[in-house]
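Here's upload-v4.txt, which has compact mmCIF, C-alpha atoms and all ligand atoms:
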```
# COMPACT_ATOMS: atom_id res chain seq x y z
CA MET A 1 166.72 152.88 -46.31
CA SER A 2 164.65 150.55 -48.49
CA LYS A 3 162.32 151.34 -51.33
CA ARG A 4 158.93 152.63 -50.21
CA LEU A 5 156.37 149.87 -49.81
CA SER A 6 152.83 150.46 -50.98
CA PRO A 7 150.85 147.49 -49.78
CA ALA A 8 147.33 146.79 -51.07
CA CYS A 9 144.18 147.07 -48.95
CA GLN A 10 143.45 143.63 -47.54
CA VAL A 11 139.73 143.90 -48.22
CA HIS A 12 140.12 145.52 -51.65
CA PRO A 13 143.26 143.98 -53.13
CA SER A 14 143.17 146.19 -56.24
CA THR A 15 143.34 149.38 -54.12
CA ARG A 16 146.48 150.68 -52.49
CA ALA A 17 146.28 150.89 -48.70
CA ASP A 18 146.39 154.32 -47.08
CA VAL A 19 146.53 153.37 -43.45
CA VAL A 20 147.47 150.51 -41.18
CA CYS A 21 145.35 149.37 -38.23
CA GLN A 22 147.76 148.63 -35.41
CA LYS A 23 145.24 146.60 -33.45
CA HIS A 24 144.25 144.26 -36.28
CA LYS A 25 147.60 144.57 -38.08
CA GLU A 26 145.75 145.22 -41.32
CA PHE A 27 146.35 147.54 -44.27
CA LEU A 28 143.26 149.54 -45.14
CA CYS A 29 142.10 151.84 -47.91
CA THR A 30 140.05 154.98 -47.29
CA ARG A 31 136.84 153.15 -48.10
CA CYS A 32 137.53 150.63 -45.34
CA LEU A 33 138.37 153.38 -42.94
CA ILE A 34 135.02 155.16 -43.53
CA ASN A 35 133.28 151.81 -43.15
CA GLY A 36 133.78 152.23 -39.38
CA GLU A 37 134.90 148.70 -38.54
CA HIS A 38 138.14 150.09 -37.21
CA ALA A 39 136.62 153.19 -35.56
CA ARG A 40 138.06 152.30 -32.15
CA CYS A 41 141.38 151.06 -33.53
CA ASP A 42 144.73 152.77 -33.49
CA ILE A 43 145.11 153.91 -37.10
CA ARG A 44 148.43 155.07 -38.62
CA GLU A 45 148.82 156.76 -41.96
CA LEU A 46 151.31 154.90 -44.15
CA ARG A 47 152.47 158.15 -45.72
CA GLN A 48 153.83 159.28 -42.38
CA MET A 49 155.57 156.03 -41.43
CA THR A 50 158.94 156.91 -42.85
CA SER A 51 161.43 156.05 -40.13
CA PRO A 52 163.64 152.98 -40.75
CA SER A 53 161.98 151.01 -37.95
CA GLU A 54 158.51 151.90 -39.24
CA ALA A 55 159.49 150.86 -42.76
CA VAL A 56 160.73 147.50 -41.47
CA ALA A 57 157.57 147.10 -39.39
CA ILE A 58 155.45 147.69 -42.52
CA HIS A 59 157.56 145.19 -44.40
CA LEU A 60 157.12 142.60 -41.62
CA LEU A 61 153.39 143.23 -41.68
CA VAL A 62 153.35 142.63 -45.41
CA LEU A 63 155.24 139.36 -44.82
CA THR A 64 152.77 138.44 -42.07
CA ASN A 65 149.91 138.90 -44.54
CA ILE A 66 151.68 136.77 -47.11
CA ALA A 67 152.22 134.09 -44.46
CA LYS A 68 148.54 134.36 -43.48
CA ALA A 69 147.44 133.89 -47.09
CA LYS A 70 149.76 130.91 -47.52
CA LEU A 71 148.49 129.37 -44.29
CA LEU A 72 144.92 129.89 -45.44
CA ASN A 73 145.81 128.13 -48.67
CA ARG A 74 147.21 125.14 -46.75
CA ASN A 75 144.15 124.98 -44.54
CA ARG A 76 142.04 124.95 -47.66
CA VAL A 77 144.02 121.97 -48.97
CA GLU A 78 143.12 120.06 -45.81
CA GLU A 79 139.47 120.98 -46.30
CA GLU A 80 139.56 119.98 -49.95
CA ILE A 81 141.08 116.60 -49.09
CA GLY A 82 138.26 116.16 -46.56
CA GLU A 83 135.77 116.97 -49.31
CA GLN A 84 137.41 114.39 -51.59
CA GLU A 85 137.00 111.79 -48.83
CA VAL A 86 133.25 112.49 -48.82
CA VAL A 87 133.12 112.26 -52.63
CA VAL A 88 134.90 108.89 -52.66
CA ALA A 89 132.83 107.52 -49.76
CA THR A 90 129.68 108.49 -51.70
CA GLN A 91 130.98 106.65 -54.75
CA MET A 92 131.60 103.59 -52.57
CA ASP A 93 128.01 103.80 -51.27
CA HIS A 94 126.80 103.99 -54.84
CA PHE A 95 128.66 100.81 -55.75
CA LEU A 96 127.46 99.09 -52.58
CA ASP A 97 123.84 99.90 -53.52
CA LEU A 98 124.45 98.76 -57.08
CA LEU A 99 125.94 95.48 -55.85
CA LYS A 100 122.99 94.94 -53.50
CA ARG A 101 120.54 95.53 -56.36
CA LYS A 102 122.46 93.27 -58.74
CA LEU A 103 122.78 90.52 -56.12
CA ALA A 104 119.03 90.70 -55.41
CA GLY A 105 118.39 90.40 -59.17
CA MET A 106 120.79 87.45 -59.44
CA LYS A 107 119.06 85.75 -56.52
CA ASN A 108 115.64 86.25 -58.13
CA ASP A 109 116.88 84.72 -61.38
CA CYS A 110 118.21 81.83 -59.33
CA VAL A 111 114.81 81.30 -57.65
CA ASN A 112 113.05 81.30 -61.04
CA LYS A 113 115.58 78.85 -62.45
CA MET A 114 115.10 76.60 -59.42
CA ARG A 115 111.30 76.54 -59.93
CA GLU A 116 111.73 75.64 -63.59
CA ASP A 117 114.27 72.90 -62.83
CA PHE A 118 112.31 71.42 -59.94
CA GLU A 119 109.17 71.34 -62.04
CA LYS A 120 111.01 69.47 -64.79
CA LYS A 121 112.45 67.04 -62.25
CA ALA A 122 109.01 66.49 -60.72
CA GLU A 123 107.64 65.63 -64.15
CA LEU A 124 110.22 62.86 -64.35
CA ALA A 125 109.24 61.44 -60.97
CA GLU A 126 107.36 58.16 -61.43
CA GLN A 127 105.03 58.94 -58.54
CA LEU A 128 103.77 62.09 -60.19
CA LYS A 129 103.28 60.34 -63.53
CA GLU A 130 101.27 57.68 -61.72
CA LYS A 131 99.25 60.37 -59.98
CA ARG A 132 97.70 61.23 -63.34
CA ASP A 133 96.89 57.54 -64.01
CA ILE A 134 95.17 57.31 -60.62
CA GLU A 135 93.22 60.48 -61.31
CA ARG A 136 92.02 59.00 -64.63
CA VAL A 137 90.98 55.74 -62.92
CA MET A 138 89.11 57.63 -60.22
CA GLU A 139 87.19 59.62 -62.81
CA LEU A 140 86.28 56.39 -64.56
CA LEU A 141 85.22 54.71 -61.31
CA HIS A 142 83.00 57.64 -60.35
CA ALA A 143 81.30 57.65 -63.73
CA GLU A 144 80.80 53.88 -63.74
CA VAL A 145 79.36 53.79 -60.21
CA ASP A 146 76.92 56.55 -61.16
CA ILE A 147 75.82 54.81 -64.38
CA LEU A 148 75.40 51.38 -62.77
CA LEU A 149 73.47 52.68 -59.75
CA GLU A 150 71.29 54.85 -61.99
CA ALA A 151 70.45 51.98 -64.37
CA ASP A 152 68.20 50.13 -61.92
CA SER A 153 66.23 53.22 -61.04
CA GLN A 154 65.23 53.74 -64.72
CA PRO A 155 61.61 52.84 -65.68
CA GLN A 156 61.32 49.13 -66.40
CA THR A 157 60.48 48.02 -69.92
CA PRO A 158 58.82 44.71 -70.69
CA ARG A 159 62.04 43.47 -72.21
CA LYS A 160 64.08 44.47 -69.15
CA LEU A 161 61.58 42.71 -66.91
CA ARG A 162 61.70 39.57 -68.97
CA GLU A 163 65.48 39.42 -68.93
CA ASN A 164 65.73 40.65 -65.33
CA GLN A 165 68.35 43.12 -66.66
CA SER A 166 68.45 46.91 -66.38
CA MET A 167 70.65 47.30 -69.50
CA SER A 168 71.48 45.46 -72.68
CA GLU A 169 73.99 42.65 -72.71
CA VAL A 170 76.44 44.64 -74.84
CA GLU A 171 76.26 47.62 -72.52
CA PHE A 172 76.76 45.45 -69.47
CA LEU A 173 79.84 43.80 -70.99
CA ARG A 174 81.29 47.23 -71.72
CA HIS A 175 80.98 48.18 -68.05
CA LEU A 176 82.58 44.90 -66.99
CA ASP A 177 85.48 45.66 -69.28
CA LYS A 178 85.96 49.07 -67.68
CA LYS A 179 85.97 47.45 -64.25
CA ARG A 180 88.75 45.11 -65.38
CA GLN A 181 90.73 48.05 -66.77
CA ALA A 182 90.51 49.89 -63.45
CA GLN A 183 91.50 46.82 -61.49
CA LYS A 184 94.49 46.22 -63.72
CA THR A 185 95.70 49.83 -63.46
CA LEU A 186 95.42 49.86 -59.68
CA SER A 187 97.19 46.53 -59.24
CA HIS A 188 100.13 47.82 -61.31
CA LEU A 189 100.73 50.78 -58.97
CA LYS A 190 103.36 49.84 -56.41
CA GLU A 191 103.54 51.54 -53.04
CA THR A 192 106.83 53.37 -53.10
CA LYS A 193 107.77 56.56 -51.36
CA ILE A 194 109.89 59.50 -52.48
CA ARG A 195 111.62 61.73 -49.99
CA PRO A 196 112.71 64.88 -51.85
CA THR A 197 115.98 66.47 -50.74
CA SER A 198 117.61 69.59 -52.12
CA LYS A 199 120.71 71.73 -51.65
CA PHE A 200 122.02 75.09 -52.72
CA THR A 201 125.59 75.88 -53.73
CA LEU A 202 126.68 79.50 -53.87
CA ALA A 203 128.49 80.63 -57.02
CA PHE A 204 132.26 80.27 -56.82
CA SER A 205 132.97 83.97 -57.19
CA LEU A 206 130.64 84.78 -54.29
CA ILE A 207 131.89 82.05 -51.95
CA ASP A 208 135.22 83.85 -51.87
CA ILE A 209 133.51 86.96 -50.55
CA CYS A 210 131.59 85.03 -47.88
CA THR A 211 134.66 83.19 -46.64
CA GLY A 212 136.67 86.42 -46.59
CA ARG A 213 139.16 85.17 -49.17
CA ARG A 214 138.14 88.09 -51.36
CA ARG A 215 138.20 91.15 -49.11
CA ASN A 216 139.04 93.97 -51.46
CA PHE A 217 136.08 96.28 -52.12
CA GLY A 218 138.11 98.61 -54.32
CA LYS A 219 140.80 101.22 -54.04
CA ALA A 220 140.52 104.94 -53.40
CA ALA A 221 143.33 107.07 -54.78
CA LEU A 222 144.16 110.67 -53.95
CA ASP A 223 146.32 112.76 -56.26
CA VAL A 224 148.11 115.64 -54.50
CA ARG A 225 150.22 116.96 -57.35
CA SER A 226 150.74 120.71 -56.91
CA ILE A 227 149.81 123.29 -59.47
CA HIS A 228 152.11 126.31 -59.21
CA ILE A 229 150.34 129.64 -59.30
CA GLU A 230 152.16 132.81 -60.38
CA GLN A 231 152.52 135.17 -57.43
CA ASP A 232 153.74 138.74 -57.37
CA ASN A 233 155.46 138.77 -53.99
ZN ZN A 301 139.66 148.64 -48.48
ZN ZN A 302 141.31 147.64 -36.59
```

Could you write out this structure as structure tokens?
Ligand SMILES: [Zn+2]
Ligand SMILES: [Zn+2]
Amino acid sequence: MSKRLSPACQVHPSTRADVVCQKHKEFLCTRCLINGEHARCDIRELRQMTSPSEAVAIHLLVLTNIAKAKLLNRNRVEEEIGEQEVVVATQMDHFLDLLKRKLAGMKNDCVNKMREDFEKKAELAEQLKEKRDIERVMELLHAEVDILLEADSQPQTPRKLRENQSMSEVEFLRHLDKKRQAQKTLSHLKETKIRPTSKFTLAFSLIDICTGRRRNFGKAALDVRSIHIEQDN
């Protein structure tokens, strides 16, 4: 009828099959047969299957195996696409982490810049400039009070007793002058109040993300071009 088919063993594709297992519908070589996996199966020797219906049956079995292999191949494609989904999702996670890190860095820079700017602004504030003047006056007042209170407790000299004076005229005038200086400085300081206010404006490019105007995280692309493989069936 048709040319004699000599299918390959399904476990050892480089070896010609000697028998067919009717139960598992598999072509087997002698090695597989000895293996014992098909010990309870109905085994037929291919050599003896010569009738036209047997030949067609063998041919159909060969076709079944080809179909099985092709189906397996298609199933594998589904699996591989699933694997690609994992790969791309991992890449997205990577970018998400990177963005988080970069944003945290940008925010830190922003905080540092704010501190620098606010400090500069504070230096310009009249109240803070005056603070230093007040501090200087207070230091002076402390020192003067100490000196003047100490002066009378010093041992009296005949000259001091005669003049009823604990220090020389020149010295005393110097202290009076310092008193006037302090008075003048304090009278020049007006009582004003500053109420600091501040605000933060998010960068333009980031506002769009927050408001949802920019929603696109990226684009995943899958290429399913086929590669044809030479087959000998
Ligand atoms: Zn085999
Ligand atoms: Zn079997």

Requested in this report: Rounded to one decimal place, report the atom CA of Asp109 of chain A-atom CA of Ser198 of chain A distance in Å.
Outcome: 17.8 Å

Query raised in the report: Mind listing the residues within 9 Å of ligand ZN 301 (chain A), only C-alpha atoms and all ligand atoms counted, as a list in words?
Result: Ala8, Cys9, Gln10, Val11, His12, Pro13, Ser14, Thr15, Arg16, Ala17, Asp18, Phe27, Leu28, Cys29, Thr30, Arg31, Cys32, Leu33 and Asn35 of chain A

Selected residues written out, C-alpha atoms, as a compact mmCIF listing (two decimals), in the coordinates of the input:
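Now in part_23.txt:
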```txt
# COMPACT_ATOMS: atom_id res chain seq x y z
CA ALA A 8 147.33 146.79 -51.07
CA CYS A 9 144.18 147.07 -48.95
CA GLN A 10 143.45 143.63 -47.54
CA VAL A 11 139.73 143.90 -48.22
CA HIS A 12 140.12 145.52 -51.65
CA PRO A 13 143.26 143.98 -53.13
CA SER A 14 143.17 146.19 -56.24
CA THR A 15 143.34 149.38 -54.12
CA ARG A 16 146.48 150.68 -52.49
CA ALA A 17 146.28 150.89 -48.70
CA ASP A 18 146.39 154.32 -47.08
CA PHE A 27 146.35 147.54 -44.27
CA LEU A 28 143.26 149.54 -45.14
CA CYS A 29 142.10 151.84 -47.91
CA THR A 30 140.05 154.98 -47.29
CA ARG A 31 136.84 153.15 -48.10
CA CYS A 32 137.53 150.63 -45.34
CA LEU A 33 138.37 153.38 -42.94
CA ASN A 35 133.28 151.81 -43.15
```

Query raised in the report: What separation in Å, quoted to one decimal, exists between atom CA of Ile227 of chain A and atom CA of Glu26 of chain A?
Result: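 So the two atoms, atom CA of Ile227 of chain A and atom CA of Glu26 of chain A, lie 28.8 Å apart.
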
Requested in this report: Check every protein, DNA and RNA residue against ligand ZN 302 (chain A), keep those with an atom at most 7 Å away (counting all atoms listed in the file), and present them as a ChimeraX atom specification.
Outcome: /A:21-24,26,37-38,41-42

Query raised in the report: Hey, can you pull every residue with an atom no more than 12 Å from (136.8, 100.3, -51.4), using only C-alpha atoms, and send it as a PyMOL selection string?
Result: chain A and resi 85+88-96+215-221
